[in-house]
Every structure is written in C-alpha cells, then in structure tokens.
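> Contents are PDB, C-alpha atoms; file name model-v3.pdb:
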```pdb
ATOM      1  CA  MET H   1      10.824 -11.417  -2.431
ATOM      2  CA  LYS H   2       7.678 -10.413  -0.524
ATOM      3  CA  SER H   3       9.821  -8.284   1.759
ATOM      4  CA  MET H   4      10.930  -6.113  -1.167
ATOM      5  CA  SER H   5       7.335  -5.845  -2.407
ATOM      6  CA  TYR H   6       6.421  -4.653   1.077
ATOM      7  CA  GLU H   7       9.222  -2.089   1.163
ATOM      8  CA  LEU H   8       8.391  -0.755  -2.297
ATOM      9  CA  LEU H   9       4.688  -0.373  -1.533
ATOM     10  CA  VAL H  10       5.413   1.625   1.637
ATOM     11  CA  ARG H  11       7.997   3.723  -0.229
ATOM     12  CA  HIS H  12       5.521   4.378  -3.058
ATOM     13  CA  ALA H  13       2.886   5.528  -0.570
ATOM     14  CA  HIS H  14       5.358   7.862   1.111
ATOM     15  CA  ALA H  15       6.536   9.142  -2.278
ATOM     16  CA  TYR H  16       2.940   9.904  -3.213
ATOM     17  CA  GLU H  17       2.328  11.666   0.095
ATOM     18  CA  THR H  18       5.492  13.796  -0.102
ATOM     19  CA  ARG H  19       5.430  14.242  -3.899
ATOM     20  CA  ALA H  20       9.098  13.267  -4.006
ATOM     21  CA  PRO H  21      11.023  10.066  -4.668
ATOM     22  CA  VAL H  22      11.797   8.116  -1.512
ATOM     23  CA  LYS H  23      15.137   6.396  -1.269
ATOM     24  CA  ARG H  24      15.785   3.242   0.683
ATOM     25  CA  PHE H  25      15.227   3.832   4.410
ATOM     26  CA  GLY H  26      13.452   7.104   3.565
ATOM     27  CA  HIS H  27      10.518   6.091   5.764
ATOM     28  CA  PRO H  28      10.911   4.187   9.052
ATOM     29  CA  LYS H  29       8.437   1.465   8.039
ATOM     30  CA  ALA H  30       9.829   1.130   4.488
ATOM     31  CA  ASN H  31      12.355  -1.500   5.424
ATOM     32  CA  ALA H  32      12.288  -4.997   3.962
ATOM     33  CA  ASP H  33      13.806  -6.343   7.188
ATOM     34  CA  LEU H  34      10.509  -5.632   8.987
ATOM     35  CA  TYR H  35       8.596  -8.042   6.785
ATOM     36  CA  LYS H  36       8.877 -11.257   8.754
ATOM     37  CA  GLN H  37       6.699 -13.153  11.200
ATOM     38  CA  SER H  38       8.581 -11.916  14.270
ATOM     39  CA  ARG H  39       7.971  -8.281  13.221
ATOM     40  CA  LEU H  40       4.450  -8.789  11.850
ATOM     41  CA  HIS H  41       3.000  -5.944  13.927
ATOM     42  CA  ASP H  42       5.542  -3.482  12.465
ATOM     43  CA  ALA H  43       4.955  -4.746   8.934
ATOM     44  CA  LYS H  44       1.193  -4.408   9.327
ATOM     45  CA  GLU H  45       1.659  -0.827  10.570
ATOM     46  CA  GLY H  46       3.656  -0.046   7.428
ATOM     47  CA  LEU H  47       1.019  -1.610   5.203
ATOM     48  CA  ARG H  48      -1.780   0.164   7.065
ATOM     49  CA  TYR H  49       0.015   3.466   6.379
ATOM     50  CA  ALA H  50       0.402   2.572   2.685
ATOM     51  CA  PHE H  51      -3.201   1.394   2.321
ATOM     52  CA  ASP H  52      -4.572   4.493   4.095
ATOM     53  CA  THR H  53      -2.449   6.909   2.069
ATOM     54  CA  LEU H  54      -3.135   5.378  -1.323
ATOM     55  CA  THR H  55      -6.804   4.571  -0.706
ATOM     56  CA  SER H  56      -7.444   8.129   0.500
ATOM     57  CA  ALA H  57      -5.820   9.448  -2.670
ATOM     58  CA  VAL H  58      -8.060   7.297  -4.859
ATOM     59  CA  LEU H  59     -11.211   8.153  -2.919
ATOM     60  CA  GLY H  60     -10.352  11.856  -3.084
ATOM     61  CA  THR H  61      -9.558  11.831  -6.803
ATOM     62  CA  CYS H  62     -11.830   9.312  -8.484
ATOM     63  CA  SER H  63     -15.570   9.041  -8.782
ATOM     64  CA  LEU H  64     -16.187   5.438  -7.749
ATOM     65  CA  SER H  65     -19.181   3.193  -7.325
ATOM     66  CA  VAL H  66     -20.320   2.390  -3.808
ATOM     67  CA  GLU H  67     -19.119  -1.175  -4.305
ATOM     68  CA  GLU H  68     -15.619  -0.048  -5.311
ATOM     69  CA  ARG H  69     -15.405   2.379  -2.373
ATOM     70  CA  ASP H  70     -16.430  -0.425  -0.006
ATOM     71  CA  ARG H  71     -13.881  -2.782  -1.565
ATOM     72  CA  LEU H  72     -11.095  -0.247  -1.081
ATOM     73  CA  ASN H  73     -12.098   0.383   2.507
ATOM     74  CA  ARG H  74     -12.120  -3.367   3.307
ATOM     75  CA  PHE H  75      -8.370  -3.719   2.785
ATOM     76  CA  ILE H  76      -7.616  -2.372   6.268
ATOM     77  CA  SER H  77      -9.983  -4.844   7.941
ATOM     78  CA  ARG H  78      -8.541  -7.680   5.852
ATOM     79  CA  LEU H  79      -5.064  -6.615   6.944
ATOM     80  CA  ASP H  80      -6.122  -6.487  10.597
ATOM     81  CA  GLU H  81      -7.576 -10.002  10.316
ATOM     82  CA  ALA H  82      -4.396 -11.465   8.789
ATOM     83  CA  SER H  83      -2.710 -13.626  11.405
ATOM     84  CA  ASP H  84       0.628 -14.337   9.750
ATOM     85  CA  VAL H  85       2.980 -13.231   6.991
ATOM     86  CA  VAL H  86       1.354 -15.541   4.440
ATOM     87  CA  GLU H  87      -2.110 -14.013   4.921
ATOM     88  CA  THR H  88      -0.619 -10.520   5.078
ATOM     89  CA  SER H  89       1.175 -11.174   1.782
ATOM     90  CA  GLU H  90      -2.088 -12.220   0.150
ATOM     91  CA  VAL H  91      -3.745  -8.952   1.215
ATOM     92  CA  MET H  92      -0.707  -6.924   0.126
ATOM     93  CA  ASP H  93      -0.572  -8.638  -3.283
ATOM     94  CA  ASP H  94      -4.291  -8.098  -3.810
ATOM     95  CA  PHE H  95      -3.964  -4.418  -2.869
ATOM     96  CA  ARG H  96      -0.965  -3.984  -5.145
ATOM     97  CA  SER H  97      -2.629  -5.565  -8.183
ATOM     98  CA  SER H  98      -6.178  -4.292  -7.747
ATOM     99  CA  VAL H  99      -5.577  -0.832  -6.278
ATOM    100  CA  PHE H 100      -2.029   0.423  -6.770
ATOM    101  CA  ASP H 101      -1.535  -0.964 -10.279
ATOM    102  CA  LYS H 102      -5.045   0.093 -11.292
ATOM    103  CA  TYR H 103      -5.033   3.668 -10.007
ATOM    104  CA  PHE H 104      -1.365   4.767  -9.962
ATOM    105  CA  ASP H 105       1.514   5.154 -12.402
ATOM    106  CA  ILE H 106       5.188   5.209 -11.570
ATOM    107  CA  ASN H 107       6.857   7.529 -14.028
ATOM    108  CA  GLY H 108       9.761   8.880 -12.056
ATOM    109  CA  ARG H 109       7.278   9.488  -9.241
ATOM    110  CA  VAL H 110       4.014   8.017  -8.002
ATOM    111  CA  VAL H 111       1.035   9.756  -9.598
ATOM    112  CA  PRO H 112      -2.644   8.892 -10.006
ATOM    113  CA  LYS H 113      -3.658   7.618 -13.420
ATOM    114  CA  LEU H 114      -5.699  10.110 -15.386
ATOM    115  CA  GLU H 115      -8.609   7.774 -15.946
ATOM    116  CA  CYS H 116     -10.338   6.678 -12.765
TER     117      CYS H 116
END
```
Do you think you could lay out the structure here as structure tokens?

Amino acid sequence: MKSMSYELLVRHAHAYETRAPVKRFGHPKANADLYKQSRLHDAKEGLRYAFDTLTSAVLGTCSLSVEERDRLNRFISRLDEASDVVETSEVMDDFRSSVFDKYFDINGRVVPKLEC
C-alpha cells in the first residue's frame, strides 16, 4: 500500500508542476515498483522531487510563519536521514498529511487551497 502512496505523491507533484493530470508512468520516478528497500535510493529521489516541488509551491504562494517555513524545509533532511523503507514511509506519511493534505486540493487536478 505504501508503494501506491509513493506513486500518487510523485504523480501529484508532477501534475502540479505541469498543470495537467499525470497518468500512470507519466513521470519516471512515479512508479510504485521503485518503492522497496532494494530501490530505496530511487524512491528517495522521487520523494525529494515531490517534496521540493510541493514545498516550493507552498512557500511561493502562502504567507507562513518562520516556524512553518522551517518545518517544511526539514522534510528533505528527514528524508535524507531515513535509512530504510519504514523510516522513509514515516516521513512520506507525515509530509502527505501535514503538507499535501493541508495546502493542496485534488479536484480533477492538483491545486493550492485558497486559504494558506
């Protein structure tokens, strides 16, 4: 199940960046098969792309407190420190619930929420 969460998060980031829906295999890192211990480096690259893309969108759109900006920026270092799929999943789940779900809507496409 985590592998599909991974794929969807990378696809959502790419959809936001391109302003168009992204189908399965529409981005080279948006592939659930990459999300396993033996391909951890590839999975972390995909998540780094998603975190960078979505965090940059939030920072460029919303007026945030210093604490919130710092929290958003810490996701990359937390991801880099993760040593296995379990730790990576914890970071991904935290990002999904506290950043993506908070600041973005999926209504046919990925768009920032109006209230930041």
> If I take CA of His41 in chain H and CA of Glu87 in chain H, how far is one from the other in Å, to one decimal?
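Separation between CA of His41 in chain H and CA of Glu87 in chain H: 13.1 Å.
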> Do you know which residues are at most 8 Å from Phe95 in chain H counting all atoms listed in the file, after dropping those on the same chain fewer than 5 positions away, and could you put them as a list of chain:residue names?
H:Phe51, H:Phe75, H:Phe100
> What do you get, as an MDAnalysis selection string, if you spell out every residue that the PyMOL selection byres ((chain H and resi 13) around 12) selects here?
chainID H and resid 6:12 14:22 26:27 29:30 46:58 96 100 104:106 109:112
> Looking at H:Lys113, H:Arg39, H:Arg71, H:Lys23, which one is nearest to Asp94 in chain H, with distances taken over all atoms listed in the file?
H:Arg71
> Find, counting all atoms listed in the file, the residue in H:Thr61, H:Leu34, H:Lys2, H:Arg69 that gets nearest to Val91 in chain H.
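Counting all atoms listed in the file, the residue closest to Val91 in chain H is H:Lys2.
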> Identify all residues satisfying the PyMOL selection byres ((chain H and resi 82) around 12) in the given file; provide them as a list in words.
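Going through the file, the PyMOL selection byres ((chain H and resi 82) around 12) ends up selecting Gln37, Leu40, His41, Ala43, Lys44, Leu47, Phe75, Ile76, Ser77, Arg78, Leu79, Asp80, Glu81, Ser83, Asp84, Val85, Val86, Glu87, Thr88, Ser89, Glu90, Val91 and Met92 of chain H.
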> In Å, with one decimal, what is the gap from CA of Leu59 in chain H to CA of Val99 in chain H?
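So the answer is 11.1 Å.
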> Using Å and a single decimal, report how far CA of Ser5 in chain H sits from CA of Gly60 in chain H.
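CA of Ser5 in chain H lies 25.0 Å from CA of Gly60 in chain H.
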> Selecting N, CA and C atoms, how would range 52-90 of chain H from this structure be written as a PDB file, in the first residue's frame?

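As written to disk, result-v6.pdb reads:
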```
ATOM      1  N   ASP H  52      10.299  18.820  -2.912  1.00  0.00           N
ATOM      2  CA  ASP H  52      10.811  20.103  -3.429  1.00  0.00           C
ATOM      3  C   ASP H  52       9.736  20.855  -4.205  1.00  0.00           C
ATOM      4  N   THR H  53       9.070  20.153  -5.109  1.00  0.00           N
ATOM      5  CA  THR H  53       8.055  20.783  -5.958  1.00  0.00           C
ATOM      6  C   THR H  53       6.907  21.342  -5.128  1.00  0.00           C
ATOM      7  N   LEU H  54       6.374  20.538  -4.246  1.00  0.00           N
ATOM      8  CA  LEU H  54       5.200  20.953  -3.479  1.00  0.00           C
ATOM      9  C   LEU H  54       5.549  21.963  -2.393  1.00  0.00           C
ATOM     10  N   THR H  55       6.690  21.796  -1.746  1.00  0.00           N
ATOM     11  CA  THR H  55       7.113  22.765  -0.731  1.00  0.00           C
ATOM     12  C   THR H  55       7.381  24.120  -1.366  1.00  0.00           C
ATOM     13  N   SER H  56       8.043  24.135  -2.513  1.00  0.00           N
ATOM     14  CA  SER H  56       8.301  25.400  -3.215  1.00  0.00           C
ATOM     15  C   SER H  56       6.999  26.100  -3.577  1.00  0.00           C
ATOM     16  N   ALA H  57       6.004  25.329  -3.982  1.00  0.00           N
ATOM     17  CA  ALA H  57       4.704  25.917  -4.319  1.00  0.00           C
ATOM     18  C   ALA H  57       4.073  26.569  -3.100  1.00  0.00           C
ATOM     19  N   VAL H  58       4.131  25.897  -1.968  1.00  0.00           N
ATOM     20  CA  VAL H  58       3.552  26.450  -0.738  1.00  0.00           C
ATOM     21  C   VAL H  58       4.313  27.701  -0.321  1.00  0.00           C
ATOM     22  N   LEU H  59       5.632  27.618  -0.314  1.00  0.00           N
ATOM     23  CA  LEU H  59       6.440  28.763   0.118  1.00  0.00           C
ATOM     24  C   LEU H  59       6.261  29.957  -0.810  1.00  0.00           C
ATOM     25  N   GLY H  60       6.010  29.699  -2.088  1.00  0.00           N
ATOM     26  CA  GLY H  60       5.811  30.781  -3.046  1.00  0.00           C
ATOM     27  C   GLY H  60       4.409  31.354  -3.054  1.00  0.00           C
ATOM     28  N   THR H  61       3.459  30.648  -2.460  1.00  0.00           N
ATOM     29  CA  THR H  61       2.057  31.057  -2.503  1.00  0.00           C
ATOM     30  C   THR H  61       1.552  31.578  -1.165  1.00  0.00           C
ATOM     31  N   CYS H  62       1.976  30.963  -0.096  1.00  0.00           N
ATOM     32  CA  CYS H  62       1.408  31.242   1.223  1.00  0.00           C
ATOM     33  C   CYS H  62       2.335  32.105   2.073  1.00  0.00           C
ATOM     34  N   SER H  63       1.722  32.911   2.892  1.00  0.00           N
ATOM     35  CA  SER H  63       2.467  33.681   3.884  1.00  0.00           C
ATOM     36  C   SER H  63       2.507  32.843   5.159  1.00  0.00           C
ATOM     37  N   LEU H  64       3.681  32.315   5.477  1.00  0.00           N
ATOM     38  CA  LEU H  64       3.816  31.371   6.581  1.00  0.00           C
ATOM     39  C   LEU H  64       4.700  31.931   7.682  1.00  0.00           C
ATOM     40  N   SER H  65       4.506  31.403   8.869  1.00  0.00           N
ATOM     41  CA  SER H  65       5.377  31.766   9.986  1.00  0.00           C
ATOM     42  C   SER H  65       6.769  31.182   9.735  1.00  0.00           C
ATOM     43  N   VAL H  66       7.736  31.710  10.418  1.00  0.00           N
ATOM     44  CA  VAL H  66       9.102  31.197  10.315  1.00  0.00           C
ATOM     45  C   VAL H  66       9.143  29.728  10.730  1.00  0.00           C
ATOM     46  N   GLU H  67       8.405  29.392  11.773  1.00  0.00           N
ATOM     47  CA  GLU H  67       8.378  28.014  12.249  1.00  0.00           C
ATOM     48  C   GLU H  67       7.819  27.064  11.188  1.00  0.00           C
ATOM     49  N   GLU H  68       6.745  27.479  10.520  1.00  0.00           N
ATOM     50  CA  GLU H  68       6.147  26.628   9.486  1.00  0.00           C
ATOM     51  C   GLU H  68       7.089  26.499   8.289  1.00  0.00           C
ATOM     52  N   ARG H  69       7.739  27.569   7.895  1.00  0.00           N
ATOM     53  CA  ARG H  69       8.702  27.504   6.790  1.00  0.00           C
ATOM     54  C   ARG H  69       9.834  26.534   7.140  1.00  0.00           C
ATOM     55  N   ASP H  70      10.338  26.628   8.360  1.00  0.00           N
ATOM     56  CA  ASP H  70      11.406  25.727   8.803  1.00  0.00           C
ATOM     57  C   ASP H  70      10.934  24.275   8.808  1.00  0.00           C
ATOM     58  N   ARG H  71       9.707  24.058   9.265  1.00  0.00           N
ATOM     59  CA  ARG H  71       9.157  22.699   9.304  1.00  0.00           C
ATOM     60  C   ARG H  71       9.073  22.112   7.895  1.00  0.00           C
ATOM     61  N   LEU H  72       8.601  22.916   6.954  1.00  0.00           N
ATOM     62  CA  LEU H  72       8.505  22.442   5.572  1.00  0.00           C
ATOM     63  C   LEU H  72       9.882  22.119   5.007  1.00  0.00           C
ATOM     64  N   ASN H  73      10.833  22.968   5.290  1.00  0.00           N
ATOM     65  CA  ASN H  73      12.182  22.758   4.763  1.00  0.00           C
ATOM     66  C   ASN H  73      12.890  21.562   5.398  1.00  0.00           C
ATOM     67  N   ARG H  74      12.483  21.135   6.571  1.00  0.00           N
ATOM     68  CA  ARG H  74      13.112  19.993   7.251  1.00  0.00           C
ATOM     69  C   ARG H  74      12.739  18.639   6.637  1.00  0.00           C
ATOM     70  N   PHE H  75      11.711  18.592   5.823  1.00  0.00           N
ATOM     71  CA  PHE H  75      11.312  17.300   5.258  1.00  0.00           C
ATOM     72  C   PHE H  75      12.423  16.677   4.415  1.00  0.00           C
ATOM     73  N   ILE H  76      13.153  17.476   3.664  1.00  0.00           N
ATOM     74  CA  ILE H  76      14.236  16.935   2.843  1.00  0.00           C
ATOM     75  C   ILE H  76      15.323  16.329   3.727  1.00  0.00           C
ATOM     76  N   SER H  77      15.708  17.023   4.792  1.00  0.00           N
ATOM     77  CA  SER H  77      16.751  16.463   5.665  1.00  0.00           C
ATOM     78  C   SER H  77      16.247  15.206   6.373  1.00  0.00           C
ATOM     79  N   ARG H  78      14.987  15.190   6.759  1.00  0.00           N
ATOM     80  CA  ARG H  78      14.421  13.979   7.363  1.00  0.00           C
ATOM     81  C   ARG H  78      14.443  12.818   6.372  1.00  0.00           C
ATOM     82  N   LEU H  79      14.130  13.123   5.118  1.00  0.00           N
ATOM     83  CA  LEU H  79      14.160  12.093   4.078  1.00  0.00           C
ATOM     84  C   LEU H  79      15.584  11.581   3.886  1.00  0.00           C
ATOM     85  N   ASP H  80      16.543  12.481   3.822  1.00  0.00           N
ATOM     86  CA  ASP H  80      17.941  12.084   3.648  1.00  0.00           C
ATOM     87  C   ASP H  80      18.425  11.210   4.800  1.00  0.00           C
ATOM     88  N   GLU H  81      17.939  11.466   5.999  1.00  0.00           N
ATOM     89  CA  GLU H  81      18.356  10.703   7.180  1.00  0.00           C
ATOM     90  C   GLU H  81      17.682   9.338   7.278  1.00  0.00           C
ATOM     91  N   ALA H  82      16.583   9.142   6.570  1.00  0.00           N
ATOM     92  CA  ALA H  82      15.872   7.856   6.626  1.00  0.00           C
ATOM     93  C   ALA H  82      16.766   6.756   6.053  1.00  0.00           C
ATOM     94  N   SER H  83      16.888   5.665   6.794  1.00  0.00           N
ATOM     95  CA  SER H  83      17.818   4.615   6.380  1.00  0.00           C
ATOM     96  C   SER H  83      17.147   3.391   5.761  1.00  0.00           C
ATOM     97  N   ASP H  84      15.826   3.348   5.810  1.00  0.00           N
ATOM     98  CA  ASP H  84      15.123   2.210   5.221  1.00  0.00           C
ATOM     99  C   ASP H  84      13.718   2.636   4.796  1.00  0.00           C
ATOM    100  N   VAL H  85      13.000   1.697   4.207  1.00  0.00           N
ATOM    101  CA  VAL H  85      11.662   1.989   3.692  1.00  0.00           C
ATOM    102  C   VAL H  85      10.696   2.360   4.814  1.00  0.00           C
ATOM    103  N   VAL H  86      10.859   1.767   5.977  1.00  0.00           N
ATOM    104  CA  VAL H  86       9.962   2.073   7.097  1.00  0.00           C
ATOM    105  C   VAL H  86      10.113   3.537   7.509  1.00  0.00           C
ATOM    106  N   GLU H  87      11.337   3.993   7.697  1.00  0.00           N
ATOM    107  CA  GLU H  87      11.567   5.395   8.073  1.00  0.00           C
ATOM    108  C   GLU H  87      11.149   6.341   6.948  1.00  0.00           C
ATOM    109  N   THR H  88      11.423   5.949   5.716  1.00  0.00           N
ATOM    110  CA  THR H  88      11.024   6.762   4.568  1.00  0.00           C
ATOM    111  C   THR H  88       9.508   6.882   4.514  1.00  0.00           C
ATOM    112  N   SER H  89       8.807   5.804   4.800  1.00  0.00           N
ATOM    113  CA  SER H  89       7.340   5.823   4.809  1.00  0.00           C
ATOM    114  C   SER H  89       6.802   6.765   5.875  1.00  0.00           C
ATOM    115  N   GLU H  90       7.452   6.790   7.029  1.00  0.00           N
ATOM    116  CA  GLU H  90       7.020   7.697   8.093  1.00  0.00           C
ATOM    117  C   GLU H  90       7.146   9.156   7.652  1.00  0.00           C
TER     118      GLU H  90
END
```
